[in-house]
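**Q** Next comes target04.txt, compact mmCIF, C-alpha atoms:
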```
# COMPACT_ATOMS: atom_id res chain seq x y z
CA MET A 1 -47.45 54.34 -22.55
CA ARG A 2 -43.71 53.88 -22.46
CA LEU A 3 -44.02 51.78 -19.31
CA TRP A 4 -46.72 49.72 -21.03
CA ILE A 5 -44.22 48.76 -23.77
CA PHE A 6 -41.21 48.44 -21.50
CA LEU A 7 -42.70 46.02 -18.94
CA PRO A 8 -43.66 43.22 -21.37
CA LEU A 9 -40.26 43.57 -23.05
CA LEU A 10 -38.55 43.26 -19.67
CA ALA A 11 -40.67 40.20 -18.90
CA ILE A 12 -39.60 38.58 -22.18
CA CYS A 13 -35.93 39.34 -21.45
CA ILE A 14 -36.17 37.90 -17.94
CA GLU A 15 -37.92 34.80 -19.27
CA SER A 16 -35.26 34.27 -21.96
CA ALA A 17 -32.50 34.68 -19.40
CA ALA A 18 -34.17 32.17 -17.11
CA GLU A 19 -34.47 29.68 -19.96
CA ALA A 20 -30.87 30.01 -21.20
CA PRO A 21 -29.43 26.55 -20.49
CA PHE A 22 -25.91 27.88 -19.86
CA SER A 23 -24.54 31.15 -18.57
CA THR A 24 -21.78 32.98 -20.46
CA ASP A 25 -19.22 31.76 -17.93
CA GLU A 26 -20.44 28.18 -18.20
CA LEU A 27 -20.24 28.38 -21.99
CA ARG A 28 -16.66 29.66 -21.78
CA GLU A 29 -15.76 26.71 -19.55
CA LEU A 30 -17.57 24.23 -21.81
CA ARG A 31 -15.70 25.60 -24.81
CA LYS A 32 -12.39 25.02 -23.03
CA GLN A 33 -13.35 21.47 -22.16
CA TRP A 34 -15.09 20.20 -25.30
CA LEU A 35 -13.42 21.80 -28.33
CA LEU A 36 -10.95 19.37 -29.85
CA PRO A 37 -7.39 20.62 -30.27
CA ALA A 38 -5.64 19.94 -33.58
CA PRO A 39 -4.19 16.40 -33.57
CA THR A 40 -0.45 15.95 -33.26
CA LEU A 41 0.83 15.03 -36.71
CA HIS A 42 4.13 13.74 -38.05
CA PRO A 43 6.24 16.39 -39.88
CA GLN A 44 5.88 14.22 -43.01
CA HIS A 45 2.14 13.81 -42.43
CA LYS A 46 1.01 14.58 -45.98
CA GLN A 47 3.37 12.10 -47.64
CA LEU A 48 2.87 9.39 -45.01
CA SER A 49 -0.87 9.82 -45.16
CA GLU A 50 -0.85 9.51 -48.95
CA LEU A 51 0.98 6.18 -48.68
CA GLY A 52 -1.20 5.07 -45.77
CA LYS A 53 -4.36 5.79 -47.77
CA LYS A 54 -3.15 3.64 -50.65
CA ILE A 55 -2.43 0.74 -48.27
CA PHE A 56 -5.72 1.24 -46.40
CA PHE A 57 -7.81 0.77 -49.56
CA ASP A 58 -5.70 -1.98 -51.17
CA THR A 59 -7.64 -5.28 -51.27
CA ASN A 60 -4.56 -7.03 -52.65
CA LEU A 61 -3.13 -6.90 -49.12
CA SER A 62 -5.12 -9.87 -47.87
CA ILE A 63 -4.55 -13.58 -48.39
CA ASP A 64 -7.34 -13.98 -50.96
CA LYS A 65 -7.15 -10.41 -52.34
CA SER A 66 -10.69 -9.78 -51.11
CA THR A 67 -10.23 -7.53 -48.13
CA SER A 68 -8.70 -4.16 -47.34
CA CYS A 69 -8.88 -2.08 -44.15
CA ALA A 70 -11.68 -0.17 -45.89
CA SER A 71 -13.75 -3.37 -46.29
CA CYS A 72 -14.71 -2.94 -42.62
CA HIS A 73 -13.86 0.74 -42.07
CA ILE A 74 -16.12 2.12 -44.79
CA PRO A 75 -15.93 5.92 -45.16
CA GLU A 76 -19.64 6.26 -46.00
CA LEU A 77 -20.60 4.34 -42.86
CA GLY A 78 -18.68 6.49 -40.42
CA TRP A 79 -15.56 4.40 -41.05
CA SER A 80 -17.35 1.41 -39.57
CA ASP A 81 -19.37 -1.20 -41.49
CA GLY A 82 -23.01 -1.03 -40.40
CA LYS A 83 -22.93 -4.65 -39.21
CA PRO A 84 -23.54 -5.89 -35.63
CA THR A 85 -20.22 -7.70 -35.72
CA ALA A 86 -17.48 -7.47 -38.32
CA GLN A 87 -17.05 -9.93 -41.18
CA GLY A 88 -13.68 -11.51 -41.69
CA LEU A 89 -12.28 -13.45 -44.63
CA VAL A 90 -14.88 -15.35 -46.71
CA GLY A 91 -17.64 -13.54 -44.87
CA LYS A 92 -16.97 -15.26 -41.57
CA PRO A 93 -18.49 -13.27 -38.69
CA LEU A 94 -16.04 -11.98 -36.08
CA LYS A 95 -17.03 -11.64 -32.44
CA ARG A 96 -17.05 -7.85 -32.11
CA ALA A 97 -18.35 -4.82 -33.99
CA THR A 98 -16.00 -2.84 -36.20
CA PRO A 99 -14.99 0.24 -34.21
CA SER A 100 -15.03 3.49 -36.15
CA ILE A 101 -11.63 5.05 -36.73
CA ILE A 102 -12.95 8.62 -36.52
CA ASN A 103 -10.84 10.69 -34.13
CA THR A 104 -8.56 7.80 -33.21
CA ALA A 105 -5.84 10.46 -33.63
CA TYR A 106 -6.74 11.36 -30.04
CA SER A 107 -6.91 7.82 -28.63
CA LYS A 108 -4.57 6.78 -25.85
CA VAL A 109 -5.53 3.14 -26.23
CA LEU A 110 -7.00 1.28 -29.22
CA MET A 111 -9.38 -1.61 -29.92
CA TRP A 112 -12.45 -2.62 -27.87
CA ASP A 113 -10.21 -4.47 -25.41
CA GLY A 114 -7.35 -1.95 -25.50
CA ARG A 115 -4.76 -4.38 -26.76
CA ALA A 116 -2.91 -1.63 -28.68
CA ASP A 117 -1.37 1.46 -27.11
CA SER A 118 -0.92 3.42 -30.32
CA LEU A 119 -2.19 3.61 -33.88
CA GLU A 120 1.23 2.40 -35.04
CA GLN A 121 0.92 -0.72 -32.87
CA GLN A 122 -2.66 -1.35 -33.94
CA ALA A 123 -2.21 -0.77 -37.67
CA LEU A 124 -0.74 -4.16 -38.58
CA MET A 125 -2.90 -6.33 -36.31
CA PRO A 126 -5.72 -6.97 -38.84
CA PHE A 127 -3.21 -7.89 -41.58
CA PHE A 128 -1.73 -10.62 -39.39
CA ASP A 129 -5.01 -11.93 -37.97
CA PRO A 130 -5.85 -15.22 -39.75
CA LEU A 131 -9.57 -14.38 -39.55
CA GLU A 132 -9.23 -10.85 -40.93
CA MET A 133 -6.61 -10.52 -43.68
CA GLY A 134 -4.57 -13.65 -43.15
CA LEU A 135 -1.08 -12.41 -44.00
CA ASN A 136 2.24 -12.50 -42.22
CA GLU A 137 4.97 -9.84 -42.29
CA LYS A 138 6.84 -11.47 -45.19
CA LEU A 139 3.71 -11.81 -47.33
CA LEU A 140 2.56 -8.26 -46.60
CA ILE A 141 5.90 -6.79 -47.65
CA ALA A 142 6.05 -9.04 -50.75
CA LYS A 143 2.57 -7.99 -51.85
CA ILE A 144 3.41 -4.31 -51.48
CA ALA A 145 6.73 -4.80 -53.27
CA SER A 146 4.96 -6.43 -56.21
CA ASN A 147 2.87 -3.33 -56.90
CA GLN A 148 4.59 -0.75 -59.13
CA GLU A 149 2.63 2.09 -57.58
CA TYR A 150 4.26 1.79 -54.15
CA PRO A 151 8.02 2.58 -54.59
CA ASN A 152 7.34 6.21 -55.45
CA LEU A 153 4.99 6.62 -52.48
CA PHE A 154 7.55 5.08 -50.08
CA GLU A 155 10.25 7.32 -51.48
CA ARG A 156 8.15 10.43 -51.00
CA ALA A 157 7.28 9.44 -47.44
CA PHE A 158 10.64 8.09 -46.25
CA GLY A 159 13.28 9.32 -48.68
CA ASP A 160 13.86 5.88 -50.23
CA SER A 161 11.72 3.03 -51.46
CA ALA A 162 12.64 0.41 -48.83
CA ILE A 163 9.59 -1.41 -47.45
CA ASP A 164 9.35 -2.67 -43.90
CA SER A 165 6.57 -3.22 -41.41
CA ALA A 166 7.51 -0.18 -39.26
CA ARG A 167 7.13 2.07 -42.32
CA ILE A 168 3.81 0.44 -43.26
CA SER A 169 2.37 0.91 -39.78
CA SER A 170 3.65 4.47 -39.58
CA ALA A 171 1.98 5.37 -42.88
CA LEU A 172 -1.31 3.71 -41.91
CA ALA A 173 -1.31 5.42 -38.51
CA GLU A 174 -0.70 8.79 -40.09
CA PHE A 175 -3.52 8.24 -42.59
CA GLN A 176 -5.88 7.36 -39.73
CA ARG A 177 -4.84 10.56 -37.93
CA SER A 178 -6.34 12.46 -40.84
CA ILE A 179 -9.79 10.90 -40.26
CA THR A 180 -11.13 13.46 -37.82
CA ALA A 181 -14.42 15.08 -36.97
CA SER A 182 -14.12 18.38 -35.15
CA ASN A 183 -16.62 20.62 -36.89
CA THR A 184 -19.94 19.05 -36.03
CA ARG A 185 -22.96 21.27 -35.37
CA PHE A 186 -22.16 20.90 -31.67
CA ASP A 187 -18.59 22.15 -32.30
CA ARG A 188 -19.88 25.08 -34.34
CA TRP A 189 -22.25 25.98 -31.50
CA LEU A 190 -19.35 25.84 -29.04
CA LYS A 191 -17.37 28.15 -31.31
CA GLY A 192 -20.16 30.73 -31.07
CA ASP A 193 -22.58 29.94 -33.89
CA GLU A 194 -25.80 30.15 -31.89
CA SER A 195 -27.88 28.88 -34.81
CA ALA A 196 -25.91 25.61 -35.00
CA LEU A 197 -27.99 23.98 -32.23
CA ASN A 198 -31.63 24.48 -31.38
CA ASN A 199 -32.88 24.74 -27.82
CA GLU A 200 -33.89 21.07 -27.62
CA GLU A 201 -30.35 19.98 -28.61
CA ILE A 202 -28.73 22.36 -26.10
CA LEU A 203 -30.99 21.01 -23.35
CA GLY A 204 -30.03 17.52 -24.50
CA PHE A 205 -26.37 18.40 -24.02
CA LYS A 206 -27.20 19.67 -20.55
CA LEU A 207 -28.77 16.28 -19.74
CA PHE A 208 -25.73 14.55 -21.28
CA ILE A 209 -23.28 16.21 -18.87
CA ASP A 210 -25.55 16.21 -15.80
CA PRO A 211 -24.45 13.38 -13.45
CA GLN A 212 -27.91 13.44 -11.86
CA LYS A 213 -29.69 12.93 -15.19
CA ALA A 214 -28.24 11.10 -18.21
CA ALA A 215 -24.71 11.06 -16.75
CA CYS A 216 -23.21 10.19 -20.15
CA ALA A 217 -20.16 12.43 -19.63
CA VAL A 218 -19.11 10.33 -16.64
CA CYS A 219 -17.43 8.10 -19.26
CA HIS A 220 -17.83 10.07 -22.49
CA HIS A 221 -15.36 12.71 -21.33
CA PRO A 222 -14.45 15.93 -23.10
CA PRO A 223 -13.09 16.76 -25.55
CA ASN A 224 -13.29 13.49 -27.54
CA PHE A 225 -16.41 12.04 -25.87
CA THR A 226 -14.38 9.20 -24.38
CA ASP A 227 -12.37 8.61 -21.22
CA ASP A 228 -10.22 6.08 -23.12
CA GLY A 229 -11.38 3.85 -20.31
CA PHE A 230 -12.86 0.38 -19.87
CA HIS A 231 -16.27 -0.36 -18.41
CA ASN A 232 -18.58 -3.31 -18.02
CA ILE A 233 -21.88 -1.76 -19.11
CA GLY A 234 -23.95 -4.88 -18.66
CA LEU A 235 -23.92 -6.38 -22.13
CA SER A 236 -23.69 -9.99 -21.11
CA LYS A 237 -26.07 -11.67 -23.54
CA GLN A 238 -23.33 -12.70 -25.99
CA LYS A 239 -22.41 -16.42 -26.11
CA PRO A 240 -19.71 -17.54 -25.76
CA GLU A 241 -19.00 -14.90 -23.18
CA ASP A 242 -16.57 -12.17 -24.27
CA LEU A 243 -14.46 -11.14 -21.28
CA GLY A 244 -13.06 -8.05 -23.04
CA ARG A 245 -10.35 -6.16 -21.18
CA TYR A 246 -10.11 -8.91 -18.53
CA ARG A 247 -7.94 -10.87 -20.95
CA PHE A 248 -5.21 -8.26 -20.52
CA THR A 249 -5.98 -7.03 -16.99
CA PRO A 250 -7.32 -10.03 -15.07
CA ILE A 251 -8.91 -8.26 -12.13
CA PRO A 252 -12.67 -8.53 -11.41
CA LEU A 253 -13.44 -4.93 -12.42
CA MET A 254 -12.31 -5.63 -15.98
CA LYS A 255 -14.54 -8.65 -16.62
CA ARG A 256 -16.63 -7.90 -19.72
CA ALA A 257 -15.24 -4.34 -19.76
CA PHE A 258 -14.79 -2.64 -23.14
CA LYS A 259 -13.47 0.71 -24.28
CA THR A 260 -15.72 3.76 -24.22
CA PRO A 261 -16.23 4.77 -27.86
CA SER A 262 -16.08 8.38 -29.01
CA LEU A 263 -19.35 9.95 -30.20
CA ARG A 264 -18.70 12.55 -32.89
CA LEU A 265 -20.47 11.30 -36.06
CA ALA A 266 -21.96 8.43 -34.03
CA THR A 267 -25.11 9.02 -36.07
CA ARG A 268 -23.33 7.22 -38.92
CA THR A 269 -21.91 4.27 -37.01
CA ALA A 270 -24.96 2.17 -36.08
CA PRO A 271 -25.33 -0.46 -34.74
CA TYR A 272 -23.80 0.33 -31.36
CA PHE A 273 -21.81 -1.31 -28.54
CA HIS A 274 -18.96 -3.79 -28.91
CA ASP A 275 -21.44 -6.53 -29.77
CA GLY A 276 -23.57 -4.38 -32.08
CA SER A 277 -26.62 -5.14 -29.95
CA ALA A 278 -28.22 -1.68 -30.11
CA LYS A 279 -29.64 -0.80 -33.49
CA THR A 280 -30.25 2.87 -32.74
CA LEU A 281 -29.02 5.62 -30.42
CA LEU A 282 -32.43 5.49 -28.69
CA GLU A 283 -31.80 1.82 -27.88
CA VAL A 284 -28.44 2.86 -26.42
CA ILE A 285 -30.14 5.41 -24.15
CA GLU A 286 -32.75 2.85 -23.10
CA HIS A 287 -30.06 0.29 -22.32
CA TYR A 288 -28.44 2.65 -19.81
CA GLN A 289 -31.79 3.47 -18.24
CA GLU A 290 -32.51 -0.24 -17.74
CA VAL A 291 -29.04 -1.46 -16.81
CA SER A 292 -28.20 1.20 -14.24
CA VAL A 293 -30.69 -0.24 -11.78
CA GLN A 294 -28.98 -3.63 -11.82
CA LYS A 295 -25.89 -4.73 -9.90
CA HIS A 296 -23.65 -7.37 -11.42
CA ASN A 297 -20.07 -6.19 -11.12
CA PHE A 298 -20.94 -3.50 -13.64
CA SER A 299 -18.80 -0.41 -13.92
CA PRO A 300 -19.15 1.87 -10.86
CA SER A 301 -19.41 4.70 -13.38
CA LEU A 302 -22.86 3.46 -14.43
CA LEU A 303 -24.89 5.99 -12.47
CA PRO A 304 -28.67 5.72 -12.18
CA VAL A 305 -30.30 7.16 -15.28
CA ASN A 306 -33.87 8.32 -15.00
CA LEU A 307 -35.06 10.17 -18.06
CA ASN A 308 -38.65 10.70 -19.07
CA LYS A 309 -39.77 10.46 -22.70
CA GLU A 310 -39.25 14.16 -23.34
CA GLU A 311 -35.76 14.10 -21.84
CA LYS A 312 -34.81 11.07 -23.94
CA GLU A 313 -35.91 12.96 -27.03
CA LYS A 314 -33.73 15.92 -26.05
CA LEU A 315 -30.73 13.70 -25.38
CA LEU A 316 -31.24 11.98 -28.71
CA ALA A 317 -31.52 15.36 -30.44
CA PHE A 318 -28.17 16.33 -28.94
CA LEU A 319 -26.51 13.09 -30.06
CA ASN A 320 -27.84 13.74 -33.55
CA SER A 321 -26.19 17.16 -33.48
CA LEU A 322 -22.75 15.50 -33.32
CA GLU A 323 -22.93 15.39 -37.11
CA MET B 324 18.19 -11.61 29.94
CA LYS B 325 14.84 -12.50 28.47
CA PHE B 326 13.51 -9.16 29.64
CA PHE B 327 16.32 -7.24 27.91
CA MET B 328 15.83 -9.14 24.67
CA THR B 329 12.13 -8.28 24.70
CA VAL B 330 12.90 -4.62 25.29
CA ILE B 331 15.48 -4.56 22.48
CA LEU B 332 13.06 -6.26 20.09
CA ALA B 333 10.29 -3.84 21.04
CA LEU B 334 12.60 -0.87 20.48
CA LEU B 335 13.70 -2.26 17.14
CA SER B 336 10.10 -2.75 16.09
CA MET B 337 9.23 0.79 17.19
CA SER B 338 12.18 2.26 15.31
CA THR B 339 11.12 0.43 12.13
CA SER B 340 7.61 1.76 12.41
CA VAL B 341 8.91 5.26 13.13
CA MET B 342 11.16 5.10 10.06
CA ALA B 343 8.40 3.87 7.74
CA ALA B 344 7.04 6.80 5.76
CA GLU B 345 3.72 7.50 4.14
CA HIS B 346 3.80 9.00 0.64
CA VAL B 347 0.81 10.50 -1.10
CA ILE B 348 0.26 10.12 -4.82
CA GLY B 349 -3.01 11.44 -6.14
CA GLN B 350 -5.04 10.52 -9.19
CA LYS B 351 -5.83 13.75 -10.99
CA ASN B 352 -6.75 14.56 -14.59
CA LYS B 353 -6.49 10.86 -15.46
CA ALA B 354 -2.86 10.64 -14.34
CA PHE B 355 -0.96 9.80 -11.18
CA THR B 356 0.47 13.01 -9.74
CA LYS B 357 3.95 11.49 -10.12
CA LYS B 358 5.27 9.18 -12.82
CA SER B 359 7.77 7.48 -10.53
CA ILE B 360 8.79 7.38 -6.90
CA THR B 361 11.55 5.74 -4.89
CA ILE B 362 10.55 4.57 -1.41
CA LYS B 363 11.95 2.41 1.39
CA LYS B 364 10.80 -1.11 2.13
CA GLY B 365 7.94 -0.88 4.63
CA ASP B 366 6.73 2.53 3.38
CA THR B 367 3.12 3.14 2.48
CA ILE B 368 1.65 5.01 -0.46
CA LYS B 369 -1.73 6.62 -0.11
CA PHE B 370 -3.71 7.05 -3.35
CA PRO B 371 -6.44 9.73 -3.05
CA ASN B 372 -8.80 10.01 -6.01
CA GLN B 373 -8.99 13.71 -6.89
CA ASP B 374 -10.94 13.31 -10.14
CA PRO B 375 -14.73 13.63 -10.35
CA PHE B 376 -15.04 10.04 -11.60
CA PHE B 377 -13.98 6.58 -10.51
CA HIS B 378 -10.44 5.30 -10.56
CA ASN B 379 -8.88 1.99 -9.68
CA VAL B 380 -5.42 1.21 -8.33
CA TYR B 381 -3.80 -2.16 -8.93
CA SER B 382 -0.51 -3.85 -9.62
CA MET B 383 0.40 -7.23 -10.99
CA SER B 384 4.13 -6.82 -10.43
CA GLU B 385 6.03 -9.79 -9.09
CA SER B 386 7.24 -8.10 -5.92
CA LYS B 387 3.83 -6.66 -5.03
CA SER B 388 0.45 -7.47 -6.50
CA PHE B 389 -2.72 -5.88 -5.19
CA ASP B 390 -6.09 -4.53 -6.31
CA LEU B 391 -7.60 -1.66 -4.33
CA GLY B 392 -10.83 -1.88 -6.34
CA SER B 393 -12.48 1.22 -7.76
CA TYR B 394 -13.34 4.29 -5.75
CA ALA B 395 -14.83 7.75 -6.18
CA LYS B 396 -13.56 11.29 -5.70
CA GLY B 397 -12.51 12.09 -2.15
CA VAL B 398 -11.80 8.48 -1.25
CA SER B 399 -8.26 7.37 -0.52
CA LYS B 400 -6.74 3.91 -0.18
CA SER B 401 -3.25 2.86 0.88
CA VAL B 402 -0.78 0.09 0.13
CA LYS B 403 2.24 -0.96 2.16
CA PHE B 404 5.25 -1.95 0.05
CA ASP B 405 6.93 -4.64 2.09
CA LYS B 406 9.34 -6.08 -0.47
CA GLN B 407 12.20 -4.59 -2.43
CA GLY B 408 11.84 -4.35 -6.18
CA GLU B 409 10.12 -2.41 -8.93
CA VAL B 410 6.35 -2.18 -8.89
CA ILE B 411 4.23 -0.86 -11.76
CA VAL B 412 1.00 0.61 -10.45
CA GLN B 413 -1.89 1.30 -12.83
CA CYS B 414 -5.53 2.28 -12.98
CA ALA B 415 -7.39 -0.59 -14.62
CA ILE B 416 -10.15 1.70 -15.88
CA HIS B 417 -7.66 4.09 -17.51
CA PRO B 418 -4.63 1.88 -18.29
CA PHE B 419 -2.52 4.76 -19.59
CA MET B 420 -2.26 5.93 -15.95
CA LYS B 421 1.02 4.41 -14.80
CA LEU B 422 3.28 4.87 -11.79
CA LYS B 423 6.65 3.23 -11.29
CA VAL B 424 7.49 2.51 -7.63
CA LYS B 425 11.06 1.59 -6.81
CA VAL B 426 11.19 -0.05 -3.39
CA GLU B 427 14.70 0.02 -1.87
```
Translate this structure into structure tokens?

**A**
Amino acid sequence: MRLWIFLPLLAICIESAAEAPFSTDELRELRKQWLLPAPTLHPQHKQLSELGKKIFFDTNLSIDKSTSCASCHIPELGWSDGKPTAQGLVGKPLKRATPSIINTAYSKVLMWDGRADSLEQQALMPFFDPLEMGLNEKLLIAKIASNQEYPNLFERAFGDSAIDSARISSALAEFQRSITASNTRFDRWLKGDESALNNEEILGFKLFIDPQKAACAVCHHPPNFTDDGFHNIGLSKQKPEDLGRYRFTPIPLMKRAFKTPSLRLATRTAPYFHDGSAKTLLEVIEHYQEVSVQKHNFSPSLLPVNLNKEEKEKLLAFLNSLE
Amino acid sequence: MKFFMTVILALLSMSTSVMAAEHVIGQKNKAFTKKSITIKKGDTIKFPNQDPFFHNVYSMSESKSFDLGSYAKGVSKSVKFDKQGEVIVQCAIHPFMKLKVKVE
């Protein structure tokens, strides 16, 4: 009688063990790789961030007072804008999608073409771009100086109320360092909350990191789901042709290469790719399945992807868990 | 006389090649295993890729420009530095990977 009860129970245990996507040791290793550390912050982070936030949302800091950083980096849209390509002054379309600023605290290189090495370097670029905010350094400082709300914020952040572009970029960079996502369902699962992901999502993650299957992690490295690298992923439909990173590194490998975006909260940042050509994450997956069989000076990191319908659903379920 | 000159030249050439050294600088964890190196003119640096993904090695410096293309883990490519000067070597895929080579 006892044996009669014991054997089915043993069978269930063996079956569960066989189905567990990761062993305890593998999970320990995954945790080490994928959990984000706390970002490195300035000692005056709180005060700088407070000033940076005010500047970030201030539409007065554009030539026609219409546009702030938040006009394109909209908090409710994953700090992107939901458009295929960004809109500049007077609604003029720009050539690339607005990249989300989530987790840029961890970025080693910024912008789709990597033209900025730090958040501080990047922060002023849109202000001085004639298509984006249309100011110059003198105008930017004058506009900030004309607002009575700023002197106190500068004083709190820097000890006095002097305004210069280095201080502005420092404050903006520090504010952007506070826009992080490190507690998604996936992160909670890594930290040990087994209920945070269902089996389909865990299997989707397994496909994500398997170089023989979806091979996403070949470029979307841990822990920030990006290698901070540049790849030509075969998006060549745009006219006129956008050469991307090649403009700064003119070697053949960099033609039409763009930065690998991070993926936490990617569910909120549609459409996808530098040209906004994929409306959904499923379209992104299908792009890689189609493009990896072609050969046109594409990134060598584009490994063959061969997922069936069920596997695509699992991968998609995992991507949706990065929320 | 001609014979002696040939012998001397051959010996000189041999001594140069004997003196030329090969240095190894890997690409590991998205970084070159050294940030800078000082070498002699004529030395070679070998760049093995030790990461489980592709890297590239290139330089656009005035004294030495080259592009070794991209290659996978386990593959190694070499460059001979035949001119004095400072050469900045990078990975184009991961541009934050930088190596400064001082060729004396």

**Q** Distance atom CA of A:Arg256-atom CA of A:Gly234, one decimal place?

**A** 8.0 Å

**Q** Can you tell me which residues surround stretch 363-372 of chain B at a distance of at most 6 Å, considering all atoms listed in the file, apart from same-chain residues fewer than 3 positions away, and format the answer as a list in words?

**A**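 Answer for this query is Ala343, Ala344, Glu345, His346, Val347, Ile348, Gly349, Gln350, Lys396, Gly397, Val398, Ser399, Lys400, Ser401, Val402, Lys403, Phe404, Asp405, Lys406, Gln407, Val426 and Glu427 of chain B.
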
**Q** Give me the box for stretch 387-399 of chain B as JSON, namely the centre and edge lengths in Å to one decimal of a box along x, y and z that holds every listed atom plus 8 Å on each side.

**A**
```
{"center_x": -5.5, "center_y": 2.3, "center_z": -4.1, "size_x": 34.7, "size_y": 35.6, "size_z": 23.2}
```

**Q** Could you please tell me, as a list in words, which residues of chain A have an atom within 9 Å of chain B when using all atoms listed in the file?

**A** Lys108, Val109, Gly114, Asp117, Val218, Cys219, Asp227, Asp228, Gly229, Phe230, His231, Thr249, Ile251, Pro252, Leu253, Met254, Ala257, Ser299, Pro300 and Ser301 of chain A

**Q** Emit the selected residues as a JSON list (two decimals), keeping the file's coordinate frame, including C-alpha atoms.

**A**
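So the final result, stored in selection_14.json, reads:
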```json
[["chain", "number", "residue", "atom", "x", "y", "z"],
["A", 108, "LYS", "CA", -4.57, 6.78, -25.85],
["A", 109, "VAL", "CA", -5.53, 3.14, -26.23],
["A", 114, "GLY", "CA", -7.35, -1.95, -25.50],
["A", 117, "ASP", "CA", -1.37, 1.46, -27.11],
["A", 218, "VAL", "CA", -19.11, 10.33, -16.64],
["A", 219, "CYS", "CA", -17.43, 8.10, -19.26],
["A", 227, "ASP", "CA", -12.37, 8.61, -21.22],
["A", 228, "ASP", "CA", -10.22, 6.08, -23.12],
["A", 229, "GLY", "CA", -11.38, 3.85, -20.31],
["A", 230, "PHE", "CA", -12.86, 0.38, -19.87],
["A", 231, "HIS", "CA", -16.27, -0.36, -18.41],
["A", 249, "THR", "CA", -5.98, -7.03, -16.99],
["A", 251, "ILE", "CA", -8.91, -8.26, -12.13],
["A", 252, "PRO", "CA", -12.67, -8.53, -11.41],
["A", 253, "LEU", "CA", -13.44, -4.93, -12.42],
["A", 254, "MET", "CA", -12.31, -5.63, -15.98],
["A", 257, "ALA", "CA", -15.24, -4.34, -19.76],
["A", 299, "SER", "CA", -18.80, -0.41, -13.92],
["A", 300, "PRO", "CA", -19.15, 1.87, -10.86],
["A", 301, "SER", "CA", -19.41, 4.70, -13.38]]
```

**Q** Identify the residues around (-28.5, 1.8, -32.2) within a radius of 10 Å, measuring from only C-alpha atoms in the coordinates stated by the file, and give them as a PDB file with C-alpha atoms, in the frame of the given file.

**A**
```pdb
ATOM      1  CA  PRO A  84     -23.540  -5.890 -35.630  1.00  0.00           C
ATOM      2  CA  ALA A 266     -21.960   8.430 -34.030  1.00  0.00           C
ATOM      3  CA  THR A 267     -25.110   9.020 -36.070  1.00  0.00           C
ATOM      4  CA  THR A 269     -21.910   4.270 -37.010  1.00  0.00           C
ATOM      5  CA  ALA A 270     -24.960   2.170 -36.080  1.00  0.00           C
ATOM      6  CA  PRO A 271     -25.330  -0.460 -34.740  1.00  0.00           C
ATOM      7  CA  TYR A 272     -23.800   0.330 -31.360  1.00  0.00           C
ATOM      8  CA  PHE A 273     -21.810  -1.310 -28.540  1.00  0.00           C
ATOM      9  CA  GLY A 276     -23.570  -4.380 -32.080  1.00  0.00           C
ATOM     10  CA  SER A 277     -26.620  -5.140 -29.950  1.00  0.00           C
ATOM     11  CA  ALA A 278     -28.220  -1.680 -30.110  1.00  0.00           C
ATOM     12  CA  LYS A 279     -29.640  -0.800 -33.490  1.00  0.00           C
ATOM     13  CA  THR A 280     -30.250   2.870 -32.740  1.00  0.00           C
ATOM     14  CA  LEU A 281     -29.020   5.620 -30.420  1.00  0.00           C
ATOM     15  CA  LEU A 282     -32.430   5.490 -28.690  1.00  0.00           C
ATOM     16  CA  GLU A 283     -31.800   1.820 -27.880  1.00  0.00           C
ATOM     17  CA  VAL A 284     -28.440   2.860 -26.420  1.00  0.00           C
ATOM     18  CA  ILE A 285     -30.140   5.410 -24.150  1.00  0.00           C
TER      19      ILE A 285
END
```

**Q** Write out as a ChimeraX atom specification each polymer residue whose atoms come within 8 Å of B:Ser384, counting only C-alpha atoms; drop sequence neighbours fewer than 5 positions from it.

**A** /B:409-411

**Q** Keeping only C-alpha atoms, take the residues you just selected and write them out as a short mmCIF file (atom, residue, chain, number, x, y, z; two decimals), in the frame of the given file.

**A**
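Below is the file that was written, part34.cif:
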```
data_model
loop_
_atom_site.label_atom_id
_atom_site.label_comp_id
_atom_site.auth_asym_id
_atom_site.auth_seq_id
_atom_site.Cartn_x
_atom_site.Cartn_y
_atom_site.Cartn_z
CA GLU B 409 10.12 -2.41 -8.93
CA VAL B 410 6.35 -2.18 -8.89
CA ILE B 411 4.23 -0.86 -11.76
#
```

**Q** What separation in Å, quoted to one decimal, exists between atom CA of A:Trp189 and atom CA of A:Asp25?

**A**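 According to the coordinates, atom CA of A:Trp189 and atom CA of A:Asp25 are separated by 15.1 Å.
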
**Q** Can you tell me how far atom CA of A:Glu313 sits from atom CA of A:Gln289, in Å to one decimal?

**A**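 The value is 13.6 Å.
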
**Q** As a PyMOL selection string, please: the residues near stretch 33-38 of chain A (cut-off 7 Å, only C-alpha atoms, same-chain neighbours under 4 positions excluded).

**A** chain A and resi 29+182+187+222-224

**Q** Select, from B:Gly408, B:Gln373, B:Val380, B:Met420, the residue with the minimum atom-to-atom distance to B:Phe355, counting all atoms listed in the file.

**A**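 For B:Phe355, the nearest of the given residues is B:Met420.
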
**Q** Using all atoms listed in the file, which protein or nucleic acid residues come within 8 Å of A:Gly134? Drop anything in the same chain fewer than 5 positions from it, and give the result as a list in words.

**A**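 Listed by chain and then number, they are Ser62, Ile63, Leu89, Phe127, Phe128 and Asp129 of chain A.
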
**Q** Save the residues we just selected, C-alpha atoms, as an mmCIF file, in the coordinates of the input?

**A**
```cif
data_model
loop_
_atom_site.group_PDB
_atom_site.id
_atom_site.type_symbol
_atom_site.label_atom_id
_atom_site.label_comp_id
_atom_site.auth_asym_id
_atom_site.auth_seq_id
_atom_site.Cartn_x
_atom_site.Cartn_y
_atom_site.Cartn_z
ATOM 1 C CA SER A 62 -5.120 -9.870 -47.870
ATOM 2 C CA ILE A 63 -4.550 -13.580 -48.390
ATOM 3 C CA LEU A 89 -12.280 -13.450 -44.630
ATOM 4 C CA PHE A 127 -3.210 -7.890 -41.580
ATOM 5 C CA PHE A 128 -1.730 -10.620 -39.390
ATOM 6 C CA ASP A 129 -5.010 -11.930 -37.970
#
```
